[in-house]
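K.L.:
Quick one: this structure, given as structure tokens, is what I'll be asking you about.
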Amino acid sequence: MTEKKAKLVIGDKEYEFAILDGTMGPSVIDIRSLYSQTGMFTYDPGFTSTASCDSSITYIDGDKGELLYRGYPIDQLAYDSHYLEVCYLLLYGDLPNKTELEEFENRVTRHTMMHEQMHGFYNGFRRDAHPMAIVCGVVGAMAAFYHDSTDITDPEQREIASIRMIAKIPTIVAAAYKYSIGQPFVYPRNDLDYASNFLHMCFSVPAEEYKVDPILARAMDRIFTLHADHEQNASTSTVRLSGSSDANPFACIAAGVACLWGPAHGGANEAALNMLREIGTVDRIPEYIEKAKDKNDPFRLMGFGHRVYKSYDPRAKVMQESAKEVLDLLGVENNPTLQVAKELEKIALEDPYFIKRKLYPNVDFYSGIILDAMGFPTSMFTAIFALSRTVGWIAQWKEMIADKQKKIGRPRQLYDGSVKRDYVPLDER
């Protein structure tokens with residue numbers, strides 16, 4: 001079979017570069033020798049046309065609106081599977097059999113408690129600290145408490161660190177919420193499933209019994225599943241870049257949390273909910289649609305469109321159904337926020353302005369409604385996103401560490417500063 005080549009012509013010189021094919025998706029031009037051959041770099045702000053690694057974890061086809069975890073469609077996993085089974089799939093490459101799943105669930109469940117001294121760490125934060133500030137700090141501090149799982153050259157320690165983070169992140173996030181509202185921390189319970197345990201730690205109090213409704217637990221489990229991984233996004237790339245320096249796994253995940261905190265990344269569901277509340281009622285939608293179409297108006301519709309998806313976000317349909325189930329359960333079926341959301345979605349799918357620009361509702365459009373209905377403040381939305389994404393970060397980190405081609409990340413630049421100049425003494429300036 002003839003190896004495919006790409007040709008680059010610069011002046012009167014011609015260079016060849018190999019074209020590499022994956023199992024799905026666009027092929028890539030291997031430009032690793034570009035600088036040595038030509039003395040030039042590529043210029044790609046935002047890395048929109050750059051494959052930074054090869055990976056077998058997640059595949060996205062933005063044109064088709066397709067998201068696959070290890071080859072499995074996200075909607076099948078969201079409807080038929082559950083979060084810890086998806087965690088196993090992302091970490092190890094295949095769906096587990098019954099024995100494997102039971103063993104994995106048991107390992108995670110037995111590691112959900114934080115080191116007791118970590119509770120004192122929370123007291124160093126102000127009560128009004130943003131939960132993401134707390135989560136970022138506590139995750140990073142895990143390296144100070146779990147020295148026996150920071151050697152990245154030891155596969156067993158990498159495995160232990162992975163399980164610890166997946167198991168403890170709900171406890172860490174729930175404690176951040178409890179701390180922010182002045183309530184006592186709630187310890188995890190081994191008799192509850194992953195999502196139910198998280199809700200219990202967030203909403204139960206010592207004064208009375210709290211039972212997690214299975215519909216709410218299922219909705220939370222779906223939120224976890226739908227956000228578990230999303231290819232080489234900003235936070236995942238941050239985790240990989242941090243890990244490329246051989247930083248310990250807890251520091252790498254803390255870096256991912258910090259990146260996710262950005263409103264352009266993990267804060268989109270909070271922004272979408274605030275927008276729906278600003279619109280308020282269905283009768284005001286036309287006014288806001290016109291504002292969105294007006295280039296001179298700063299108003300923008302949040303929760304529509306996606307950097308990758310150029311058609312309907314495959315996660316949005318599942319999230320829409322979960323939103324209806326949750327609101328029906330909680331007796332807010334006439335919730336004006338959901339009514340606004342549904343009408344906006346209808347317009348986006350029919351209005352030529354939105355169709356032409358491929359501004360379809362995305363997963364953030366509905367997730368904020370669900371979390372708000374459950375009783376979470378908007379400040380917790382991104383922290384819950386971080387909880388969900390932890391397993392994806394870990395899977396990507398483990399894949400990178402085991403990659404024989406791994407090298408420290410070192411992007412280059414197009415320098416446009418001053419040319420070389422001589423120092424001028426202070427009294428001559």
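By order in the structure tokens, chains are A, B, ...; within a chain, residues start at 1; ligands start at 1, following the order shown.
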May I have the residues within 12 Å of Gly62 (chain A) as a PDB file with all heavy atoms, in the first residue's frame, using only C-alpha atoms and disregarding those fewer than 2 positions away in the same chain?
P.N.:
ATOM      1  N   GLY A  25     -12.956   9.735  11.469  1.00  0.00           N
ATOM      2  CA  GLY A  25     -12.662  11.155  11.506  1.00  0.00           C
ATOM      3  C   GLY A  25     -11.619  11.594  10.501  1.00  0.00           C
ATOM      4  O   GLY A  25     -11.092  10.791   9.715  1.00  0.00           O
ATOM      5  N   PRO A  26     -11.285  12.897  10.533  1.00  0.00           N
ATOM      6  CA  PRO A  26     -10.333  13.437   9.564  1.00  0.00           C
ATOM      7  C   PRO A  26      -8.944  12.830   9.708  1.00  0.00           C
ATOM      8  O   PRO A  26      -8.517  12.481  10.811  1.00  0.00           O
ATOM      9  CB  PRO A  26     -10.300  14.939   9.915  1.00  0.00           C
ATOM     10  CG  PRO A  26     -11.537  15.192  10.715  1.00  0.00           C
ATOM     11  CD  PRO A  26     -11.812  13.922  11.441  1.00  0.00           C
ATOM     12  N   TYR A  59     -14.717  10.023  20.639  1.00  0.00           N
ATOM     13  CA  TYR A  59     -14.782  10.472  19.252  1.00  0.00           C
ATOM     14  C   TYR A  59     -15.988  11.385  19.076  1.00  0.00           C
ATOM     15  O   TYR A  59     -17.099  11.072  19.527  1.00  0.00           O
ATOM     16  CB  TYR A  59     -14.905   9.293  18.292  1.00  0.00           C
ATOM     17  CG  TYR A  59     -15.113   9.725  16.850  1.00  0.00           C
ATOM     18  CD1 TYR A  59     -14.057  10.227  16.098  1.00  0.00           C
ATOM     19  CD2 TYR A  59     -16.380   9.666  16.264  1.00  0.00           C
ATOM     20  CE1 TYR A  59     -14.249  10.659  14.790  1.00  0.00           C
ATOM     21  CE2 TYR A  59     -16.578  10.080  14.954  1.00  0.00           C
ATOM     22  CZ  TYR A  59     -15.507  10.582  14.227  1.00  0.00           C
ATOM     23  OH  TYR A  59     -15.701  11.011  12.935  1.00  0.00           O
ATOM     24  N   ILE A  60     -15.776  12.507  18.430  1.00  0.00           N
ATOM     25  CA  ILE A  60     -16.849  13.458  18.138  1.00  0.00           C
ATOM     26  C   ILE A  60     -16.897  13.716  16.639  1.00  0.00           C
ATOM     27  O   ILE A  60     -15.876  13.993  16.026  1.00  0.00           O
ATOM     28  CB  ILE A  60     -16.628  14.804  18.860  1.00  0.00           C
ATOM     29  CG1 ILE A  60     -16.612  14.614  20.381  1.00  0.00           C
ATOM     30  CG2 ILE A  60     -17.708  15.810  18.470  1.00  0.00           C
ATOM     31  CD1 ILE A  60     -16.215  15.863  21.145  1.00  0.00           C
ATOM     32  N   LYS A  64     -22.221  15.493  12.167  1.00  0.00           N
ATOM     33  CA  LYS A  64     -23.318  14.541  12.358  1.00  0.00           C
ATOM     34  C   LYS A  64     -23.987  14.687  13.719  1.00  0.00           C
ATOM     35  O   LYS A  64     -25.056  14.135  13.951  1.00  0.00           O
ATOM     36  CB  LYS A  64     -22.800  13.100  12.221  1.00  0.00           C
ATOM     37  CG  LYS A  64     -22.332  12.712  10.832  1.00  0.00           C
ATOM     38  CD  LYS A  64     -21.883  11.263  10.816  1.00  0.00           C
ATOM     39  CE  LYS A  64     -21.420  10.828   9.435  1.00  0.00           C
ATOM     40  NZ  LYS A  64     -20.957   9.412   9.444  1.00  0.00           N
ATOM     41  N   GLY A  65     -23.344  15.408  14.647  1.00  0.00           N
ATOM     42  CA  GLY A  65     -23.878  15.489  16.001  1.00  0.00           C
ATOM     43  C   GLY A  65     -23.718  14.160  16.710  1.00  0.00           C
ATOM     44  O   GLY A  65     -24.658  13.640  17.314  1.00  0.00           O
ATOM     45  N   GLU A  66     -22.513  13.608  16.645  1.00  0.00           N
ATOM     46  CA  GLU A  66     -22.260  12.270  17.183  1.00  0.00           C
ATOM     47  C   GLU A  66     -21.163  12.329  18.246  1.00  0.00           C
ATOM     48  O   GLU A  66     -20.125  12.968  18.049  1.00  0.00           O
ATOM     49  CB  GLU A  66     -21.828  11.347  16.046  1.00  0.00           C
ATOM     50  CG  GLU A  66     -21.670   9.900  16.423  1.00  0.00           C
ATOM     51  CD  GLU A  66     -21.361   9.028  15.213  1.00  0.00           C
ATOM     52  OE1 GLU A  66     -20.294   9.209  14.595  1.00  0.00           O
ATOM     53  OE2 GLU A  66     -22.204   8.179  14.883  1.00  0.00           O
ATOM     54  N   LEU A  67     -21.400  11.674  19.372  1.00  0.00           N
ATOM     55  CA  LEU A  67     -20.427  11.572  20.449  1.00  0.00           C
ATOM     56  C   LEU A  67     -20.333  10.116  20.882  1.00  0.00           C
ATOM     57  O   LEU A  67     -21.347   9.502  21.246  1.00  0.00           O
ATOM     58  CB  LEU A  67     -20.840  12.454  21.638  1.00  0.00           C
ATOM     59  CG  LEU A  67     -20.035  12.293  22.938  1.00  0.00           C
ATOM     60  CD1 LEU A  67     -18.574  12.664  22.730  1.00  0.00           C
ATOM     61  CD2 LEU A  67     -20.655  13.151  24.051  1.00  0.00           C
ATOM     62  N   LEU A  68     -19.126   9.551  20.812  1.00  0.00           N
ATOM     63  CA  LEU A  68     -18.909   8.152  21.171  1.00  0.00           C
ATOM     64  C   LEU A  68     -17.890   8.050  22.291  1.00  0.00           C
ATOM     65  O   LEU A  68     -16.831   8.676  22.229  1.00  0.00           O
ATOM     66  CB  LEU A  68     -18.393   7.354  19.962  1.00  0.00           C
ATOM     67  CG  LEU A  68     -19.150   7.451  18.633  1.00  0.00           C
ATOM     68  CD1 LEU A  68     -18.409   6.639  17.565  1.00  0.00           C
ATOM     69  CD2 LEU A  68     -20.576   6.940  18.798  1.00  0.00           C
ATOM     70  N   HIS A 230     -15.060  14.632  26.765  1.00  0.00           N
ATOM     71  CA  HIS A 230     -15.452  15.327  25.531  1.00  0.00           C
ATOM     72  C   HIS A 230     -14.226  15.636  24.693  1.00  0.00           C
ATOM     73  O   HIS A 230     -14.019  16.764  24.267  1.00  0.00           O
ATOM     74  CB  HIS A 230     -16.243  16.594  25.862  1.00  0.00           C
ATOM     75  CG  HIS A 230     -17.233  16.946  24.803  1.00  0.00           C
ATOM     76  ND1 HIS A 230     -17.212  18.146  24.108  1.00  0.00           N
ATOM     77  CD2 HIS A 230     -18.281  16.246  24.304  1.00  0.00           C
ATOM     78  CE1 HIS A 230     -18.205  18.170  23.243  1.00  0.00           C
ATOM     79  NE2 HIS A 230     -18.875  17.029  23.335  1.00  0.00           N
ATOM     80  N   GLU A 231     -13.405  14.605  24.467  1.00  0.00           N
ATOM     81  CA  GLU A 231     -12.242  14.702  23.609  1.00  0.00           C
ATOM     82  C   GLU A 231     -11.254  15.746  24.127  1.00  0.00           C
ATOM     83  O   GLU A 231     -11.145  15.952  25.329  1.00  0.00           O
ATOM     84  CB  GLU A 231     -12.710  14.976  22.165  1.00  0.00           C
ATOM     85  CG  GLU A 231     -11.730  14.501  21.100  1.00  0.00           C
ATOM     86  CD  GLU A 231     -11.533  15.560  20.042  1.00  0.00           C
ATOM     87  OE1 GLU A 231     -11.363  16.742  20.384  1.00  0.00           O
ATOM     88  OE2 GLU A 231     -11.571  15.185  18.854  1.00  0.00           O
ATOM     89  N   GLY A 305     -25.477  26.523  20.058  1.00  0.00           N
ATOM     90  CA  GLY A 305     -24.251  26.369  19.291  1.00  0.00           C
ATOM     91  C   GLY A 305     -23.149  25.731  20.113  1.00  0.00           C
ATOM     92  O   GLY A 305     -23.235  25.600  21.338  1.00  0.00           O
ATOM     93  N   HIS A 306     -22.127  25.292  19.411  1.00  0.00           N
ATOM     94  CA  HIS A 306     -21.003  24.633  20.080  1.00  0.00           C
ATOM     95  C   HIS A 306     -19.773  24.731  19.195  1.00  0.00           C
ATOM     96  O   HIS A 306     -19.882  24.727  17.966  1.00  0.00           O
ATOM     97  CB  HIS A 306     -21.341  23.160  20.365  1.00  0.00           C
ATOM     98  CG  HIS A 306     -20.411  22.497  21.328  1.00  0.00           C
ATOM     99  ND1 HIS A 306     -19.208  21.953  20.930  1.00  0.00           N
ATOM    100  CD2 HIS A 306     -20.493  22.299  22.668  1.00  0.00           C
ATOM    101  CE1 HIS A 306     -18.603  21.443  21.994  1.00  0.00           C
ATOM    102  NE2 HIS A 306     -19.349  21.638  23.054  1.00  0.00           N
ATOM    103  N   ARG A 307     -18.628  24.814  19.827  1.00  0.00           N
ATOM    104  CA  ARG A 307     -17.363  24.925  19.087  1.00  0.00           C
ATOM    105  C   ARG A 307     -17.175  23.737  18.150  1.00  0.00           C
ATOM    106  O   ARG A 307     -16.640  23.880  17.056  1.00  0.00           O
ATOM    107  CB  ARG A 307     -16.220  24.998  20.109  1.00  0.00           C
ATOM    108  CG  ARG A 307     -14.806  24.897  19.539  1.00  0.00           C
ATOM    109  CD  ARG A 307     -14.319  26.221  18.985  1.00  0.00           C
ATOM    110  NE  ARG A 307     -12.897  26.176  18.710  1.00  0.00           N
ATOM    111  CZ  ARG A 307     -11.950  26.598  19.548  1.00  0.00           C
ATOM    112  NH1 ARG A 307     -12.288  27.092  20.731  1.00  0.00           N
ATOM    113  NH2 ARG A 307     -10.689  26.535  19.221  1.00  0.00           N
ATOM    114  N   VAL A 308     -17.624  22.561  18.554  1.00  0.00           N
ATOM    115  CA  VAL A 308     -17.407  21.344  17.774  1.00  0.00           C
ATOM    116  C   VAL A 308     -18.655  20.920  17.003  1.00  0.00           C
ATOM    117  O   VAL A 308     -18.590  20.618  15.814  1.00  0.00           O
ATOM    118  CB  VAL A 308     -16.946  20.187  18.684  1.00  0.00           C
ATOM    119  CG1 VAL A 308     -16.816  18.889  17.877  1.00  0.00           C
ATOM    120  CG2 VAL A 308     -15.621  20.533  19.358  1.00  0.00           C
ATOM    121  N   TYR A 309     -19.819  20.898  17.676  1.00  0.00           N
ATOM    122  CA  TYR A 309     -21.033  20.407  17.033  1.00  0.00           C
ATOM    123  C   TYR A 309     -21.593  21.443  16.059  1.00  0.00           C
ATOM    124  O   TYR A 309     -21.822  22.587  16.416  1.00  0.00           O
ATOM    125  CB  TYR A 309     -22.100  20.069  18.075  1.00  0.00           C
ATOM    126  CG  TYR A 309     -21.699  18.932  18.991  1.00  0.00           C
ATOM    127  CD1 TYR A 309     -21.454  19.160  20.339  1.00  0.00           C
ATOM    128  CD2 TYR A 309     -21.544  17.645  18.508  1.00  0.00           C
ATOM    129  CE1 TYR A 309     -21.074  18.137  21.178  1.00  0.00           C
ATOM    130  CE2 TYR A 309     -21.167  16.609  19.337  1.00  0.00           C
ATOM    131  CZ  TYR A 309     -20.934  16.857  20.672  1.00  0.00           C
ATOM    132  OH  TYR A 309     -20.562  15.849  21.504  1.00  0.00           O
ATOM    133  N   LYS A 310     -21.824  20.998  14.820  1.00  0.00           N
ATOM    134  CA  LYS A 310     -22.423  21.845  13.798  1.00  0.00           C
ATOM    135  C   LYS A 310     -23.845  21.398  13.496  1.00  0.00           C
ATOM    136  O   LYS A 310     -24.455  21.832  12.524  1.00  0.00           O
ATOM    137  CB  LYS A 310     -21.567  21.824  12.527  1.00  0.00           C
ATOM    138  CG  LYS A 310     -20.114  22.236  12.763  1.00  0.00           C
ATOM    139  CD  LYS A 310     -19.985  23.562  13.502  1.00  0.00           C
ATOM    140  CE  LYS A 310     -18.545  23.902  13.805  1.00  0.00           C
ATOM    141  NZ  LYS A 310     -18.420  25.105  14.673  1.00  0.00           N
ATOM    142  N   SER A 311     -24.351  20.496  14.318  1.00  0.00           N
ATOM    143  CA  SER A 311     -25.751  20.100  14.265  1.00  0.00           C
ATOM    144  C   SER A 311     -26.190  19.936  15.716  1.00  0.00           C
ATOM    145  O   SER A 311     -25.519  20.400  16.620  1.00  0.00           O
ATOM    146  CB  SER A 311     -25.929  18.803  13.471  1.00  0.00           C
ATOM    147  OG  SER A 311     -25.218  17.736  14.076  1.00  0.00           O
ATOM    148  N   TYR A 312     -27.301  19.246  15.956  1.00  0.00           N
ATOM    149  CA  TYR A 312     -27.851  19.139  17.307  1.00  0.00           C
ATOM    150  C   TYR A 312     -26.882  18.401  18.230  1.00  0.00           C
ATOM    151  O   TYR A 312     -26.380  17.329  17.904  1.00  0.00           O
ATOM    152  CB  TYR A 312     -29.192  18.408  17.259  1.00  0.00           C
ATOM    153  CG  TYR A 312     -30.093  18.685  18.430  1.00  0.00           C
ATOM    154  CD1 TYR A 312     -30.972  19.760  18.390  1.00  0.00           C
ATOM    155  CD2 TYR A 312     -30.072  17.890  19.558  1.00  0.00           C
ATOM    156  CE1 TYR A 312     -31.814  20.021  19.457  1.00  0.00           C
ATOM    157  CE2 TYR A 312     -30.905  18.149  20.624  1.00  0.00           C
ATOM    158  CZ  TYR A 312     -31.779  19.220  20.575  1.00  0.00           C
ATOM    159  OH  TYR A 312     -32.606  19.480  21.634  1.00  0.00           O
ATOM    160  N   ASP A 313     -26.599  18.985  19.382  1.00  0.00           N
ATOM    161  CA  ASP A 313     -25.743  18.355  20.387  1.00  0.00           C
ATOM    162  C   ASP A 313     -26.413  17.052  20.830  1.00  0.00           C
ATOM    163  O   ASP A 313     -27.541  17.077  21.340  1.00  0.00           O
ATOM    164  CB  ASP A 313     -25.589  19.310  21.580  1.00  0.00           C
ATOM    165  CG  ASP A 313     -24.628  18.804  22.660  1.00  0.00           C
ATOM    166  OD1 ASP A 313     -24.412  17.576  22.748  1.00  0.00           O
ATOM    167  OD2 ASP A 313     -24.104  19.643  23.413  1.00  0.00           O
ATOM    168  N   PRO A 314     -25.770  15.881  20.630  1.00  0.00           N
ATOM    169  CA  PRO A 314     -26.423  14.610  20.956  1.00  0.00           C
ATOM    170  C   PRO A 314     -26.765  14.464  22.430  1.00  0.00           C
ATOM    171  O   PRO A 314     -27.635  13.664  22.798  1.00  0.00           O
ATOM    172  CB  PRO A 314     -25.385  13.566  20.517  1.00  0.00           C
ATOM    173  CG  PRO A 314     -24.072  14.283  20.579  1.00  0.00           C
ATOM    174  CD  PRO A 314     -24.391  15.691  20.144  1.00  0.00           C
ATOM    175  N   LYS A 358     -26.225  27.405  12.356  1.00  0.00           N
ATOM    176  CA  LYS A 358     -26.122  26.131  13.083  1.00  0.00           C
ATOM    177  C   LYS A 358     -26.081  26.348  14.592  1.00  0.00           C
ATOM    178  O   LYS A 358     -25.285  25.743  15.314  1.00  0.00           O
ATOM    179  CB  LYS A 358     -24.890  25.343  12.618  1.00  0.00           C
ATOM    180  CG  LYS A 358     -24.944  25.012  11.126  1.00  0.00           C
ATOM    181  CD  LYS A 358     -23.745  24.230  10.661  1.00  0.00           C
ATOM    182  CE  LYS A 358     -23.851  23.922   9.170  1.00  0.00           C
ATOM    183  NZ  LYS A 358     -22.680  23.175   8.659  1.00  0.00           N
ATOM    184  N   TYR A 360     -27.796  25.385  17.333  1.00  0.00           N
ATOM    185  CA  TYR A 360     -28.719  24.442  17.940  1.00  0.00           C
ATOM    186  C   TYR A 360     -28.519  24.416  19.452  1.00  0.00           C
ATOM    187  O   TYR A 360     -27.430  24.702  19.951  1.00  0.00           O
ATOM    188  CB  TYR A 360     -28.498  23.045  17.360  1.00  0.00           C
ATOM    189  CG  TYR A 360     -28.665  22.971  15.861  1.00  0.00           C
ATOM    190  CD1 TYR A 360     -27.560  22.950  15.016  1.00  0.00           C
ATOM    191  CD2 TYR A 360     -29.928  22.920  15.290  1.00  0.00           C
ATOM    192  CE1 TYR A 360     -27.703  22.883  13.634  1.00  0.00           C
ATOM    193  CE2 TYR A 360     -30.095  22.853  13.911  1.00  0.00           C
ATOM    194  CZ  TYR A 360     -28.977  22.827  13.091  1.00  0.00           C
ATOM    195  OH  TYR A 360     -29.141  22.777  11.735  1.00  0.00           O
ATOM    196  N   ASN A 362     -27.501  23.222  23.015  1.00  0.00           N
ATOM    197  CA  ASN A 362     -26.485  22.272  23.448  1.00  0.00           C
ATOM    198  C   ASN A 362     -26.799  21.748  24.845  1.00  0.00           C
ATOM    199  O   ASN A 362     -27.830  22.102  25.442  1.00  0.00           O
ATOM    200  CB  ASN A 362     -25.089  22.898  23.379  1.00  0.00           C
ATOM    201  CG  ASN A 362     -24.955  24.140  24.240  1.00  0.00           C
ATOM    202  OD1 ASN A 362     -25.467  24.204  25.348  1.00  0.00           O
ATOM    203  ND2 ASN A 362     -24.258  25.143  23.726  1.00  0.00           N
TER     204      ASN A 362
END
K.L.:
Which residues, written as a list in words, have at least one atom at most 10 Å from region 201-211 of chain A, with only C-alpha atoms counted and residues fewer than 5 positions away on the same chain left out?
P.N.:
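Final neighbour list, sorted by chain and number: Pro170, Thr171, Ile172, Val173, Ala174, Ala175, Ala176, Tyr177, Lys178, Gln183, Pro184, Phe185, Val186, Tyr187, Pro188, Arg189, Ser196, Met374, Gly375 and Phe376 of chain A.
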K.L.:
Can you tell me, as a list in words, what residues are no more than 7 Å from region 71-85 of chain A when counting only C-alpha atoms, ignoring any on the same chain fewer than 4 positions away?
P.N.:
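So, after excluding close chain neighbours, the residues are Leu67, Leu89, Leu101, Glu105, Asp221, Arg222, Phe224, Thr225, Leu226, Arg315 and Val318 of chain A.
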K.L.:
Those same residues, written as a compact mmCIF listing (two decimals), in the first residue's frame with N, CA and C atoms?
P.N.:
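Below you can see result_39.txt, which holds the result:
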# COMPACT_ATOMS: atom_id res chain seq x y z
N LEU A 67 -21.40 11.67 19.37
CA LEU A 67 -20.43 11.57 20.45
C LEU A 67 -20.33 10.12 20.88
N LEU A 89 -15.67 1.93 31.47
CA LEU A 89 -15.48 1.93 30.03
C LEU A 89 -14.40 2.93 29.63
N LEU A 101 -17.70 -5.29 36.98
CA LEU A 101 -18.41 -4.09 37.40
C LEU A 101 -18.60 -4.07 38.92
N GLU A 105 -17.15 -1.16 41.25
CA GLU A 105 -18.04 -0.37 42.10
C GLU A 105 -17.66 -0.48 43.56
N ASP A 221 -27.24 11.12 37.59
CA ASP A 221 -26.37 10.13 36.97
C ASP A 221 -26.19 10.44 35.48
N ARG A 222 -27.26 10.87 34.83
CA ARG A 222 -27.17 11.21 33.41
C ARG A 222 -26.31 12.45 33.20
N PHE A 224 -23.81 13.32 35.04
CA PHE A 224 -22.44 12.81 35.18
C PHE A 224 -21.98 12.13 33.90
N THR A 225 -22.83 11.26 33.35
CA THR A 225 -22.48 10.49 32.17
C THR A 225 -22.27 11.38 30.94
N LEU A 226 -23.18 12.33 30.74
CA LEU A 226 -23.11 13.18 29.55
C LEU A 226 -21.91 14.12 29.57
N ARG A 315 -26.12 15.24 23.27
CA ARG A 315 -26.39 15.18 24.71
C ARG A 315 -27.63 15.98 25.09
N VAL A 318 -31.15 14.01 25.51
CA VAL A 318 -31.24 13.26 26.76
C VAL A 318 -31.47 14.22 27.92
K.L.:
Here is a test: counting only C-alpha atoms, which residue of A:Arg429, A:Arg389, A:Arg107, A:Arg410 is nearest to Ile223 (chain A)?
P.N.:
A:Arg389
K.L.:
Please report as a tab-separated table every residue of region 332-428 of chain A lying within 8 Å of region 127-138 of chain A, along with the nearest atom pair and their distance in Å (one decimal), using only C-alpha atoms.
P.N.:
residue	atom	partner	partner_atom	distance
A:Ser379	CA	A:His130	CA	6.6
A:Met380	CA	A:Pro131	CA	6.3
A:Thr382	CA	A:Met132	CA	7.1
A:Ala383	CA	A:Met132	CA	5.5
K.L.:
Generate the output file for the selected residues, all heavy atoms, as a tab-separated table (two decimals), in the first residue's frame.
P.N.:
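In the end it all went to part_0.tsv:
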chain	number	residue	atom	x	y	z
A	379	SER	N	-23.66	28.73	41.61
A	379	SER	CA	-22.22	28.62	41.88
A	379	SER	C	-21.75	27.18	41.94
A	379	SER	O	-20.55	26.91	41.82
A	379	SER	CB	-21.88	29.32	43.20
A	379	SER	OG	-22.56	28.71	44.30
A	380	MET	N	-22.68	26.24	42.12
A	380	MET	CA	-22.31	24.82	42.20
A	380	MET	C	-22.29	24.14	40.84
A	380	MET	O	-21.79	23.02	40.71
A	380	MET	CB	-23.28	24.08	43.12
A	380	MET	CG	-22.96	24.19	44.60
A	380	MET	SD	-21.42	23.33	45.03
A	380	MET	CE	-21.91	21.62	44.74
A	382	THR	N	-20.67	24.54	37.97
A	382	THR	CA	-19.38	24.18	37.39
A	382	THR	C	-18.65	23.15	38.24
A	382	THR	O	-17.93	22.30	37.71
A	382	THR	CB	-18.50	25.44	37.21
A	382	THR	OG1	-19.28	26.47	36.62
A	382	THR	CG2	-17.31	25.14	36.31
A	383	ALA	N	-18.85	23.20	39.57
A	383	ALA	CA	-18.24	22.21	40.44
A	383	ALA	C	-18.78	20.82	40.14
A	383	ALA	O	-18.05	19.82	40.15
A	383	ALA	CB	-18.48	22.57	41.90
K.L.:
Tell me, in Å to one decimal, how far CA of Glu290 (chain A) is from CA of Ala323 (chain A).
P.N.:
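These atoms are spaced 26.7 Å apart.
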K.L.:
Could you check which of A:Val363, A:Met113, A:Met142, A:Leu241 is closest to Asn190 (chain A), using only C-alpha atoms?
P.N.:
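Closest residue, counting only C-alpha atoms: A:Met113.
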K.L.:
Compare A:Arg126, A:Ser55, A:Thr378, A:Glu345 by their minimum atom-to-atom distance to Gln232 (chain A), counting only C-alpha atoms, and give me the closest one.
P.N.:
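Looking at the shortest contact to Gln232 (chain A), the residue is A:Ser55.
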K.L.:
How far is it from CA of Pro249 (chain A) to CA of Ile152 (chain A), in Å with one decimal?
P.N.:
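Here the two named atoms are 7.5 Å from each other.
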K.L.:
Can you tell me which residues surround Gln413 (chain A) at a distance of at most 12 Å, considering only C-alpha atoms, apart from same-chain residues fewer than 6 positions away, and format the answer as a PDB file with C-alpha atoms, in the first residue's frame?
P.N.:
ATOM      1  CA  MET A  40       9.113  27.228  10.124  1.00  0.00           C
ATOM      2  CA  PHE A  41       6.268  26.569  12.572  1.00  0.00           C
ATOM      3  CA  THR A  42       2.559  26.341  11.906  1.00  0.00           C
ATOM      4  CA  TYR A  43       0.319  29.125  13.222  1.00  0.00           C
ATOM      5  CA  ASP A  44      -2.955  27.911  14.745  1.00  0.00           C
ATOM      6  CA  PRO A  45      -4.399  30.106  17.540  1.00  0.00           C
TER       7      PRO A  45
END
